[in-house]
$ cat final-v8.txt   # compact mmCIF, C-alpha atoms
# COMPACT_ATOMS: atom_id res chain seq x y z
CA MET A 1 16.95 4.16 -6.02
CA SER A 2 19.92 6.15 -4.92
CA LEU A 3 22.51 8.01 -6.93
CA PHE A 4 25.17 5.65 -5.64
CA GLY A 5 24.12 2.04 -5.83
CA PRO A 6 20.90 0.51 -4.60
CA GLY A 7 20.72 2.80 -1.58
CA VAL A 8 18.34 2.48 1.33
CA GLU A 9 14.88 0.99 1.05
CA ARG A 10 12.21 3.28 2.43
CA LYS A 11 8.56 2.73 3.29
CA THR A 12 5.84 5.07 4.42
CA GLN A 13 4.63 4.93 7.98
CA LEU A 14 1.52 6.59 9.34
CA PHE A 15 2.88 7.53 12.71
CA PHE A 16 0.58 8.51 15.57
CA ARG A 17 2.20 10.63 18.24
CA ASP A 18 1.14 10.83 21.85
CA ASP A 19 0.05 14.46 21.49
CA ASN A 20 -2.96 13.68 19.29
CA SER A 21 -1.17 14.27 16.04
CA PHE A 22 -0.07 12.09 13.16
CA VAL A 23 2.36 12.26 10.28
CA PHE A 24 3.01 10.36 7.07
CA VAL A 25 6.74 9.78 7.22
CA LYS A 26 9.23 7.85 5.12
CA ARG A 27 11.42 5.59 7.19
CA ASN A 28 14.33 3.38 6.28
CA LEU A 29 13.52 -0.31 6.15
CA LYS A 30 16.22 -2.26 7.95
CA PHE A 31 16.18 -5.70 9.58
CA SER A 32 12.45 -6.05 8.73
CA CYS A 33 11.77 -2.91 10.74
CA LEU A 34 11.01 0.70 9.96
CA VAL A 35 13.82 2.53 11.66
CA GLU A 36 14.69 6.03 12.80
CA MET A 37 18.38 6.62 12.48
CA ALA A 38 20.94 9.05 13.82
CA GLY A 39 23.90 8.70 11.50
CA GLU A 40 24.68 5.00 11.30
CA LYS A 41 22.95 4.12 14.54
CA ILE A 42 19.37 2.92 14.86
CA VAL A 43 17.61 5.05 17.45
CA LYS A 44 14.05 3.72 17.24
CA ALA A 45 12.45 0.84 15.38
CA TRP A 46 8.95 -0.41 14.60
CA LYS A 47 8.28 -3.91 13.32
CA HIS A 48 7.22 -4.02 9.70
CA PHE A 49 4.77 -6.70 8.55
CA TYR A 50 3.76 -6.88 4.91
CA GLY A 51 0.36 -8.22 5.97
CA CYS A 52 -0.21 -5.16 8.11
CA GLN A 53 0.16 -2.61 5.31
CA LEU A 54 -2.80 -0.52 4.19
CA PRO A 55 -3.12 1.02 0.73
CA PHE A 56 -3.15 4.80 0.58
CA ALA A 57 -4.03 6.63 -2.63
CA GLY A 58 -2.50 9.90 -1.51
CA TYR A 59 -3.90 13.22 -0.35
CA LYS A 60 -2.49 16.72 -0.79
CA ASN A 61 1.29 16.46 -0.36
CA MET A 62 1.11 12.95 1.12
CA SER A 63 2.18 10.53 -1.56
CA ALA A 64 0.54 7.23 -2.39
CA ASP A 65 2.10 4.13 -0.93
CA MET A 66 1.44 0.99 1.04
CA VAL A 67 1.42 2.39 4.55
CA THR A 68 2.28 0.73 7.85
CA LEU A 69 0.69 2.10 10.99
CA GLY A 70 2.83 2.87 14.00
CA PHE A 71 2.72 4.83 17.21
CA ALA A 72 5.10 6.26 19.74
CA ARG A 73 4.60 3.81 22.57
CA ASP A 74 4.97 0.45 20.91
CA ILE A 75 6.64 -1.41 18.08
CA ILE A 76 3.49 -3.03 16.59
CA LEU A 77 0.18 -1.40 15.71
CA ASP A 78 -2.09 -3.97 14.11
CA VAL A 79 -5.44 -2.17 14.08
CA PHE A 80 -7.38 -4.85 12.20
CA ASN A 81 -5.61 -7.88 13.72
CA LYS A 82 -4.22 -9.02 10.41
CA VAL A 83 -0.99 -10.52 11.76
CA PRO A 84 -1.36 -13.91 13.48
CA GLU A 85 -0.08 -14.38 17.01
CA GLY A 86 2.89 -16.62 17.71
CA ASN A 87 6.48 -16.73 18.90
CA ASP A 88 8.10 -16.75 15.47
CA ILE A 89 9.47 -13.53 14.04
CA MET A 90 6.89 -13.46 11.26
CA ASN A 91 4.12 -13.33 13.87
CA LYS A 92 3.30 -10.93 16.63
CA PRO A 93 3.60 -12.06 20.25
CA ASN A 94 0.61 -13.13 22.27
CA LEU A 95 0.10 -10.51 24.94
CA ARG A 96 -1.99 -12.84 27.09
CA ASP A 97 0.91 -15.25 27.33
CA LYS A 98 3.72 -13.71 29.39
CA ALA A 99 6.37 -16.04 28.03
CA SER A 100 5.43 -15.32 24.42
CA MET A 101 6.94 -11.83 24.40
CA GLY A 102 10.26 -13.07 25.75
CA LYS A 103 10.44 -15.90 23.20
CA TRP A 104 9.58 -13.57 20.36
CA ILE A 105 12.26 -11.05 21.37
CA ALA A 106 14.77 -13.89 21.77
CA ASN A 107 13.98 -15.13 18.27
CA ILE A 108 14.56 -11.68 16.79
CA ALA A 109 17.81 -11.23 18.69
CA GLU A 110 18.97 -14.67 17.54
CA ASN A 111 18.19 -13.71 13.97
CA GLN A 112 20.16 -10.50 14.36
CA ARG A 113 23.09 -12.41 15.80
CA HIS A 114 23.22 -14.65 12.75
CA PHE A 115 22.91 -11.61 10.53
CA PHE A 116 25.83 -9.77 12.10
CA ARG A 117 27.92 -12.89 12.07
CA ALA A 118 27.26 -13.60 8.39
CA LYS A 119 27.51 -10.02 7.21
CA ARG A 120 30.31 -8.34 9.05
CA GLU A 121 30.99 -4.69 8.44
CA SER A 122 32.69 -4.53 5.09
CA GLN A 123 33.73 -0.90 5.44
CA VAL A 124 34.73 1.26 8.31
CA TRP A 125 34.35 5.03 8.27
CA THR A 126 38.05 5.63 7.66
CA SER A 127 37.94 3.64 4.43
CA ARG A 128 34.93 5.66 3.24
CA VAL A 129 36.80 8.92 3.87
CA THR A 130 39.80 7.50 2.10
CA TRP A 131 37.74 6.60 -0.95
CA ALA A 132 36.23 10.10 -1.07
CA LEU A 133 39.71 11.66 -0.92
CA ILE A 134 40.94 9.29 -3.62
CA ALA A 135 38.08 10.48 -5.85
CA VAL A 136 39.09 14.12 -5.28
CA LEU A 137 42.70 13.30 -6.07
CA VAL A 138 41.75 11.50 -9.28
CA ILE A 139 39.71 14.51 -10.46
CA MET A 140 42.65 16.79 -9.71
CA VAL A 141 45.03 14.54 -11.62
CA ILE A 142 42.72 14.42 -14.65
CA PHE A 143 42.38 18.18 -14.88
CA TRP A 144 46.01 18.76 -14.16
CA GLY A 145 46.85 16.32 -16.98
CA MET A 146 44.49 18.14 -19.34
CA ALA A 147 45.95 21.55 -18.48
CA PHE A 148 49.50 20.29 -18.65
CA ALA A 149 48.91 18.66 -22.03
CA ARG A 150 47.29 21.84 -23.35
CA ARG A 151 50.29 23.86 -22.21
CA ILE A 152 52.77 21.48 -23.87
CA TYR A 153 50.68 21.43 -27.05
CA ALA A 154 50.49 25.25 -27.10
CA GLY A 155 54.17 25.64 -26.28
CA MET B 1 -124.46 -36.95 6.60
CA PRO B 2 -121.97 -37.37 9.21
CA ASP B 3 -120.69 -40.56 7.39
CA LYS B 4 -120.24 -38.57 4.27
CA LYS B 5 -118.27 -36.19 6.16
CA LYS B 6 -116.14 -39.05 7.45
CA ARG B 7 -115.68 -40.55 4.01
CA GLY B 8 -114.63 -37.23 2.66
CA ARG B 9 -111.11 -35.90 2.43
CA PRO B 10 -109.22 -36.19 5.62
CA PRO B 11 -108.17 -32.95 7.07
CA LYS B 12 -104.78 -31.74 6.01
CA LYS B 13 -102.08 -32.32 8.52
CA ILE B 14 -99.96 -29.32 9.23
CA GLN B 15 -96.34 -30.15 8.52
CA PRO B 16 -93.82 -28.85 11.02
CA LEU B 17 -91.36 -26.27 9.72
CA SER B 18 -88.05 -27.77 8.81
CA THR B 19 -84.64 -26.05 8.70
CA GLU B 20 -83.33 -28.45 6.08
CA VAL B 21 -82.98 -27.32 2.52
CA PRO B 22 -85.64 -28.88 0.52
CA ALA B 23 -84.43 -31.48 -1.89
CA LEU B 24 -83.85 -30.37 -5.45
CA SER B 25 -86.23 -31.31 -8.04
CA ALA B 26 -85.25 -33.64 -10.85
CA GLU B 27 -84.91 -30.80 -13.27
CA ALA B 28 -82.74 -28.79 -10.94
CA ARG B 29 -80.67 -31.85 -10.19
CA ALA B 30 -80.19 -32.52 -13.87
CA LYS B 31 -79.21 -28.94 -14.44
CA ALA B 32 -76.71 -29.03 -11.57
CA ASN B 33 -75.22 -32.27 -12.91
CA ALA B 34 -74.88 -30.72 -16.35
CA ASP B 35 -73.18 -27.67 -14.84
CA ALA B 36 -70.80 -29.83 -12.86
CA LEU B 37 -69.96 -31.89 -15.89
CA LYS B 38 -69.41 -28.74 -17.89
CA LYS B 39 -67.20 -27.33 -15.17
CA LYS B 40 -65.24 -30.53 -14.95
CA GLY B 41 -64.74 -30.49 -18.65
CA TYR B 42 -63.55 -26.91 -18.52
CA ASP B 43 -61.09 -27.79 -15.79
CA ASP B 44 -59.87 -30.74 -17.73
CA TRP B 45 -59.53 -28.61 -20.77
CA LEU B 46 -57.66 -25.94 -18.81
CA GLU B 47 -55.39 -28.53 -17.30
CA SER B 48 -54.63 -30.05 -20.65
CA ILE B 49 -53.77 -26.63 -22.06
CA ASN B 50 -51.44 -25.86 -19.14
CA LYS B 51 -49.81 -29.22 -19.51
CA ALA B 52 -49.27 -28.62 -23.19
CA LYS B 53 -47.84 -25.19 -22.43
CA SER B 54 -45.38 -26.51 -19.87
CA GLU B 55 -44.34 -29.28 -22.22
CA LYS B 56 -43.77 -26.74 -24.95
CA GLN B 57 -41.74 -24.52 -22.61
CA SER B 58 -39.54 -27.38 -21.44
CA LEU B 59 -39.01 -28.43 -25.02
CA GLU B 60 -38.08 -24.89 -26.01
CA ALA B 61 -35.67 -24.61 -23.06
CA GLN B 62 -34.08 -27.89 -24.06
CA LEU B 63 -33.74 -26.71 -27.64
CA GLN B 64 -32.26 -23.39 -26.47
CA ALA B 65 -29.74 -25.16 -24.25
CA GLU B 66 -28.72 -27.42 -27.09
CA LYS B 67 -28.39 -24.42 -29.39
CA GLU B 68 -26.22 -22.56 -26.88
CA ALA B 69 -24.03 -25.58 -26.32
CA MET B 70 -23.59 -25.91 -30.05
CA LEU B 71 -22.68 -22.22 -30.42
CA ALA B 72 -20.19 -22.44 -27.55
CA ALA B 73 -18.58 -25.46 -29.14
CA GLN B 74 -18.36 -23.64 -32.45
CA GLU B 75 -16.76 -20.61 -30.81
CA GLU B 76 -14.27 -22.79 -29.00
CA ILE B 77 -13.26 -24.39 -32.26
CA LYS B 78 -13.01 -20.95 -33.86
CA ALA B 79 -10.84 -19.65 -31.00
CA ARG B 80 -8.51 -22.60 -31.38
CA GLU B 81 -8.13 -21.92 -35.05
CA THR B 82 -7.51 -18.12 -34.75
CA PRO B 83 -3.86 -17.07 -34.06
CA PRO B 84 -2.99 -15.35 -30.74
CA ILE B 85 -3.04 -11.55 -30.63
CA THR B 86 0.51 -10.20 -30.77
CA SER B 87 -0.19 -6.50 -31.20
CA PRO B 88 -0.75 -4.31 -28.12
CA PRO B 89 -4.32 -3.39 -27.24
CA THR B 90 -5.67 -0.19 -28.72
CA GLU B 91 -6.77 2.79 -26.65
CA GLU B 92 -10.41 1.86 -27.04
CA SER B 93 -9.88 -1.66 -25.78
CA LYS B 94 -8.20 -0.57 -22.53
CA VAL B 95 -10.23 -0.95 -19.39
CA GLU B 96 -11.31 2.45 -18.22
CA SER B 97 -12.47 1.44 -14.78
CA HIS B 98 -8.89 1.73 -13.51
CA GLN B 99 -7.14 5.02 -13.58
CA VAL B 100 -3.59 5.93 -12.71
CA ILE B 101 -3.13 8.57 -10.08
CA ARG B 102 0.20 10.29 -10.47
CA GLN B 103 1.79 12.11 -7.61
CA PRO B 104 3.03 15.65 -8.30
CA LEU B 105 6.66 16.63 -7.81
CA ASN B 106 7.47 17.44 -4.22
CA LYS B 107 10.05 19.81 -2.80
CA TYR B 108 12.74 17.16 -2.24
CA THR B 109 12.65 16.09 -5.87
CA ILE B 110 12.94 19.73 -6.92
CA LEU B 111 15.80 20.34 -4.45
CA ALA B 112 17.59 17.23 -5.71
CA SER B 113 17.22 18.52 -9.27
CA ILE B 114 18.59 21.95 -8.27
CA ALA B 115 21.53 20.32 -6.49
CA ALA B 116 22.25 18.19 -9.56
CA GLY B 117 22.16 21.39 -11.63
CA VAL B 118 24.67 23.02 -9.27
CA ALA B 119 26.95 19.98 -9.65
CA VAL B 120 26.73 20.22 -13.45
CA PHE B 121 27.49 23.95 -13.26
CA GLY B 122 30.52 23.23 -11.04
CA PHE B 123 31.73 20.68 -13.55
CA ALA B 124 31.34 23.16 -16.41
CA LEU B 125 33.12 25.84 -14.40
CA MET B 126 35.95 23.43 -13.72
CA ILE B 127 36.41 22.80 -17.43
CA LEU B 128 36.37 26.53 -18.06
CA TRP B 129 38.89 27.03 -15.27
CA VAL B 130 41.23 24.47 -16.77
CA SER B 131 40.93 25.84 -20.29
CA LEU B 132 40.57 29.60 -19.74
CA PHE B 133 41.13 30.76 -16.16
CA SER B 134 43.90 28.45 -15.05
CA ARG B 135 45.75 31.37 -13.41
CA ASN B 136 42.84 32.14 -11.09
CA ASN B 137 42.87 29.52 -8.33
CA LEU B 138 39.75 30.91 -6.66
CA ILE B 139 37.59 29.82 -9.59
CA GLY B 140 39.17 26.39 -9.42
CA ILE B 141 38.41 26.01 -5.72
CA VAL B 142 34.85 27.26 -6.18
CA SER B 143 34.23 24.91 -9.09
CA ILE B 144 35.47 21.87 -7.15
CA MET B 145 33.37 22.83 -4.13
CA LEU B 146 30.30 23.31 -6.30
CA LEU B 147 30.82 19.95 -7.97
CA ILE B 148 31.36 17.95 -4.79
CA GLY B 149 28.75 19.86 -2.79
CA GLY B 150 26.20 19.53 -5.57
CA ILE B 151 26.71 15.77 -5.85
CA PHE B 152 26.32 15.20 -2.11
CA ALA B 153 23.32 17.54 -1.85
CA ALA B 154 21.63 15.81 -4.79
CA LYS B 155 22.20 12.44 -3.14
CA HIS B 156 20.85 13.71 0.18
CA PHE B 157 17.68 15.24 -1.24
CA TRP B 158 17.09 12.33 -3.62
CA GLU B 159 17.06 9.94 -0.69
CA LYS B 160 14.96 12.20 1.47
CA ARG B 161 12.25 12.89 -1.06
CA GLN B 162 8.81 11.88 0.14
CA ASP B 163 7.47 10.82 -3.22
CA SER B 164 7.46 7.06 -3.32
CA GLY B 165 6.85 6.98 -7.06
CA VAL B 166 4.04 4.53 -6.37
CA LEU B 167 1.08 4.63 -8.69
CA ILE B 168 -2.09 3.37 -7.08
CA LEU B 169 -4.46 1.78 -9.56
CA GLY B 170 -8.10 2.15 -8.76
CA THR B 171 -11.23 4.16 -9.18
CA GLN B 172 -10.51 6.18 -6.10
CA LYS B 173 -9.66 9.83 -6.79
CA ILE B 174 -7.50 11.96 -4.55
CA PRO B 175 -9.74 14.67 -3.10
CA LYS B 176 -8.19 18.08 -3.62
CA ARG B 177 -10.63 19.90 -1.40
CA GLN B 178 -10.32 19.99 2.37
CA VAL B 179 -12.07 17.07 4.12
CA ASN B 180 -12.69 16.55 7.82
CA SER B 181 -11.69 12.91 8.44
CA MET B 182 -9.09 10.28 7.85
CA ASN B 183 -10.73 6.86 7.89
CA LEU B 184 -8.99 3.50 8.27
CA TYR B 185 -10.58 0.55 6.47
CA PRO B 186 -9.25 -3.03 6.46
CA ASP B 187 -9.73 -3.41 2.70
CA LYS B 188 -9.84 0.12 1.26
CA GLY B 189 -6.95 1.29 3.42
CA ILE B 190 -6.49 4.90 4.44
CA VAL B 191 -9.03 7.27 2.95
CA PHE B 192 -9.39 11.02 3.46
CA GLU B 193 -13.09 11.82 3.20
CA ASP B 194 -15.91 13.73 4.82
CA THR B 195 -17.81 11.95 7.60
CA THR B 196 -20.70 13.54 9.42
CA ASP B 197 -22.62 10.82 11.26
CA ILE B 198 -19.97 9.72 13.76
CA LYS B 199 -20.38 10.77 17.34
CA GLY B 200 -17.42 11.41 19.61
CA GLY B 201 -13.73 11.40 18.88
CA GLN B 202 -11.17 14.16 19.00
CA PRO B 203 -9.52 15.86 16.04
CA TRP B 204 -5.90 14.96 15.32
CA ARG B 205 -3.35 17.32 13.84
CA CYS B 206 -1.72 16.17 10.62
CA HIS B 207 1.90 17.34 10.50
CA ASN B 208 2.06 17.03 6.73
CA ASP B 209 -0.41 19.84 6.06
CA GLY B 210 -1.02 21.30 9.52
CA LYS B 211 -4.79 20.69 9.41
CA MET B 212 -7.00 18.91 11.92
CA TYR B 213 -8.77 15.65 11.05
CA PHE B 214 -11.04 13.23 12.84
CA VAL B 215 -9.52 9.76 12.68
CA ASN B 216 -12.03 6.91 12.41
CA LYS B 217 -11.65 3.16 12.16
CA TRP B 218 -13.96 0.66 10.49
CA ASN B 219 -15.58 -1.76 12.91
CA ALA B 220 -16.28 -5.04 11.12
CA LYS B 221 -18.74 -6.20 13.80
CA THR B 222 -21.05 -3.21 13.57
CA ASN B 223 -20.20 -2.36 9.95
CA ARG B 224 -19.76 1.24 10.96
CA LEU B 225 -16.99 3.75 11.38
CA GLU B 226 -16.07 4.60 14.93
CA PRO B 227 -13.54 7.03 16.46
CA PHE B 228 -10.02 5.62 16.39
CA ILE B 229 -8.32 5.16 19.74
CA LEU B 230 -4.72 4.01 20.11
CA PRO B 231 -4.38 0.76 22.06
CA ASP B 232 -2.76 0.59 25.48
CA GLN B 233 -0.85 -2.56 24.59
CA GLN B 234 2.84 -2.80 25.40
CA TYR B 235 4.98 -5.16 23.39
CA ARG B 236 8.23 -3.19 23.59
CA ASP B 237 9.31 0.42 23.61
CA PRO B 238 10.61 1.34 20.11
CA GLU B 239 13.81 2.85 21.51
CA VAL B 240 14.64 -0.13 23.71
CA PHE B 241 13.75 -2.53 20.91
CA ALA B 242 16.07 -0.72 18.50
CA GLN B 243 19.05 -0.29 20.77
CA LYS B 244 18.96 -3.54 22.70
CA VAL B 245 17.39 -6.05 20.33
CA LEU B 246 18.20 -4.87 16.80
CA GLU B 247 21.58 -3.33 17.42
CA LEU B 248 22.86 -6.01 19.80
CA PRO B 249 25.78 -3.81 20.93
CA ALA B 250 27.73 -6.58 22.62
CA HIS B 251 27.58 -8.86 19.58
CA ARG B 252 28.47 -6.08 17.20
CA ARG B 253 31.52 -5.30 19.31
CA ILE B 254 32.59 -8.93 19.06
CA PHE B 255 32.08 -9.13 15.31
CA ARG B 256 33.42 -5.67 14.48
CA ARG B 257 36.15 -5.58 11.87
CA LYS B 258 39.38 -4.33 13.39
CA GLU B 259 41.22 -1.59 11.54
CA THR B 260 44.84 -1.99 10.70
CA LEU B 261 47.30 0.84 11.31
CA LEU B 262 47.41 1.57 7.58
CA GLN B 263 43.63 1.89 7.47
CA GLN B 264 43.67 4.23 10.44
CA LEU B 265 46.30 6.44 8.84
CA SER B 266 44.95 6.33 5.29
CA PRO B 267 42.70 9.46 5.49
CA ALA B 268 45.54 11.57 6.80
CA MET B 269 47.86 10.16 4.14
CA MET B 270 45.39 10.91 1.37
CA LEU B 271 44.88 14.44 2.66
CA LEU B 272 48.63 14.94 2.61
CA ALA B 273 48.77 13.60 -0.95
CA ILE B 274 46.10 16.08 -2.08
CA ILE B 275 47.96 19.02 -0.54
CA VAL B 276 51.23 17.94 -2.14
CA PHE B 277 49.56 17.49 -5.50
CA TRP B 278 47.87 20.88 -5.21
CA ILE B 279 51.29 22.49 -4.76
CA VAL B 280 52.58 20.52 -7.75
CA MET B 281 49.64 21.74 -9.84
CA ILE B 282 50.19 25.35 -8.93
CA THR B 283 53.88 25.21 -9.58
CA THR B 284 53.69 23.32 -12.85
CA LEU B 285 50.79 25.27 -14.38
CA GLU B 286 52.16 28.73 -13.68
$ encode --input "final-v8.txt" --output "structure tokens"
Amino acid sequence: MSLFGPGVERKTQLFFRDDNSFVFVKRNLKFSCLVEMAGEKIVKAWKHFYGCQLPFAGYKNMSADMVTLGFARDIILDVFNKVPEGNDIMNKPNLRDKASMGKWIANIAENQRHFFRAKRESQVWTSRVTWALIAVLVIMVIFWGMAFARRIYAG
Amino acid sequence: MPDKKKRGRPPKKIQPLSTEVPALSAEARAKANADALKKKGYDDWLESINKAKSEKQSLEAQLQAEKEAMLAAQEEIKARETPPITSPPTEESKVESHQVIRQPLNKYTILASIAAGVAVFGFALMILWVSLFSRNNLIGIVSIMLLIGGIFAAKHFWEKRQDSGVLILGTQKIPKRQVNSMNLYPDKGIVFEDTTDIKGGQPWRCHNDGKMYFVNKWNAKTNRLEPFILPDQQYRDPEVFAQKVLELPAHRRIFRRKETLLQQLSPAMMLLAIIVFWIVMITTLE
């Protein structure tokens, strides 16, 4: 839950780095993927499957959550082969079939295309700045009104 | 004389030795028959007793089954007649095998709380400025900055906090002491625990606490833990997947909402309005 509206959904990822280290990290959940963002742009993404989550009861400062495994080199880490193989977006591609990967990627891209088409950007950054400035102006007007009224009442 | 001798008893013939058991005498045979009959009677008697016992047991089992069936039927009727429980269960009736593990506050939650406190202080200072220190503009500027800065900082830290607020139900307790391994199980999930009987594997550094842990994975075939090794598979690079597949830059460019001239100028116009109003405030409140 965010202070302003529903906010961003976040899930815990157990992320294995290439340098023999790991980290429990919270990542934003966007387009069925755990994403790493720089501002508004998605920099890296790992596919999130509900079937691939592992329960974690917590340890030290690492909080309890359903955790998805991930690593630096690839978008899917299914250690116990829980996700079935297939070309649909709810499956993982079959690595033995060369065409499977291409079809799977094409299906995801097609899904994204429909998503962007149906849900166009409702706000641009200029309108956000404008709304923030309007809020500042409203606060100023309120306090100016209060002070002005107090002065008239006192006078 | 010699005739007499002839007429006399013939000489006894020597019987050859036989290996056969000599036949029993009539008395012995009678005794053996009596023993056999006695034994047969005993067996018959024993058999009849066993038979009677088994019959009794089966009868008792049948009676018990009938009794249980009758009791179950009675309880079912009783349950139908009793009203449903509407009151919440008492403390004693709660199942104690599940316990709730609560996560402690982490630094982001505390920082978000501090930032919210700063915002509240800014708001209070603003009220004081309006009512008491309206001639001192510095206090006004500081109060507005504290309010806005506090709100944005609280939002930032609230979103960044690591605590998921998830409560895991189960008998598993979070170990507070230092352990040497992080084990991955298909059913139990991720468990930090001590493991001593696993050969091989390299320690991994955990960035969350800076300690080293052996990472092991459960092998369902051998029913044993084994050192975890990352696979060499290659579906897609996460960066390429994000920027080329998820973002679809060309499509986003096509579908992007175009800004009107008014929208482009609106921030500058609002900024101008704030400056003008600030001058009006200063002039009218002095």
$ residues_around --input "final-v8.txt" --residues "range 126-129 of chain A" --least-positions-apart "4" --cutoff "10 Å" --atoms "only C-alpha atoms" --output "ChimeraX atom specification"
/A:122,133-135 /B:259,263-268,270-271
$ closest_residue --input "final-v8.txt" --among "B:Asn208, B:Asn183, B:Asn137, B:Thr260" --to "chain A" --atoms "only C-alpha atoms"
B:Asn208
$ closest_residue --input "final-v8.txt" --among "A:Gln13, A:His48, A:Gly58, A:Glu85" --to "Ser100 in chain A" --atoms "all atoms listed in the file"
A:Glu85
$ interface_residues --input "final-v8.txt" --of "chain B" --to "chain A" --cutoff "6 Å" --atoms "all atoms listed in the file" --output "PyMOL selection string"
chain B and resi 130+155+163+166+168+174+189-190+204-208+234+236-239+242+245+267+274
$ atom_distance --input "final-v8.txt" --atom1 "CA of Asn87 in chain A" --atom2 "CA of Ile229 in chain B"
26.4 Å
$ axis_aligned_box --input "final-v8.txt" --around "range 140-152 of chain B" --padding-each-side "4 Å" --output "lines of an AutoDock Vina configuration file"
center_x = 32.7
center_y = 21.2
center_z = -5.8
size_x = 21.0
size_y = 20.1
size_z = 15.3
$ atom_distance --input "final-v8.txt" --atom1 "CA of Lys188 in chain B" --atom2 "CA of Lys211 in chain B"
22.7 Å
$ atom_distance --input "final-v8.txt" --atom1 "CA of Lys258 in chain B" --atom2 "CA of Phe241 in chain B"
26.8 Å
$ build_atoms --input "final-v8.txt" --residues "range 81-95 of chain A" --atoms "N, CA and C atoms" --output "compact mmCIF listing (two decimals), in the frame of the given file"
# COMPACT_ATOMS: atom_id res chain seq x y z
N ASN A 81 -6.04 -6.53 13.34
CA ASN A 81 -5.61 -7.88 13.72
C ASN A 81 -5.34 -8.77 12.51
N LYS A 82 -4.52 -8.27 11.62
CA LYS A 82 -4.22 -9.02 10.41
C LYS A 82 -3.05 -9.99 10.61
N VAL A 83 -2.17 -9.68 11.54
CA VAL A 83 -0.99 -10.52 11.76
C VAL A 83 -1.33 -11.59 12.80
N PRO A 84 -1.05 -12.86 12.50
CA PRO A 84 -1.36 -13.91 13.48
C PRO A 84 -0.41 -13.86 14.68
N GLU A 85 -0.89 -14.37 15.79
CA GLU A 85 -0.08 -14.38 17.01
C GLU A 85 0.79 -15.62 17.07
N GLY A 86 1.98 -15.48 17.60
CA GLY A 86 2.89 -16.62 17.71
C GLY A 86 4.24 -16.16 18.19
N ASN A 87 5.16 -17.09 18.41
CA ASN A 87 6.48 -16.73 18.90
C ASN A 87 7.51 -16.53 17.80
N ASP A 88 7.15 -16.92 16.57
CA ASP A 88 8.10 -16.75 15.47
C ASP A 88 8.18 -15.29 15.08
N ILE A 89 9.26 -14.96 14.35
CA ILE A 89 9.47 -13.53 14.04
C ILE A 89 8.50 -13.02 12.98
N MET A 90 7.87 -13.94 12.25
CA MET A 90 6.89 -13.46 11.26
C MET A 90 5.51 -13.23 11.90
N ASN A 91 5.37 -13.56 13.15
CA ASN A 91 4.12 -13.33 13.87
C ASN A 91 4.29 -12.22 14.90
N LYS A 92 3.19 -11.87 15.51
CA LYS A 92 3.30 -10.93 16.63
C LYS A 92 3.08 -11.71 17.92
N PRO A 93 3.72 -11.29 19.01
CA PRO A 93 3.60 -12.06 20.25
C PRO A 93 2.19 -12.03 20.84
N ASN A 94 1.91 -13.05 21.60
CA ASN A 94 0.61 -13.13 22.27
C ASN A 94 0.71 -12.40 23.61
N LEU A 95 -0.03 -11.32 23.72
CA LEU A 95 0.10 -10.51 24.94
C LEU A 95 -0.50 -11.19 26.16
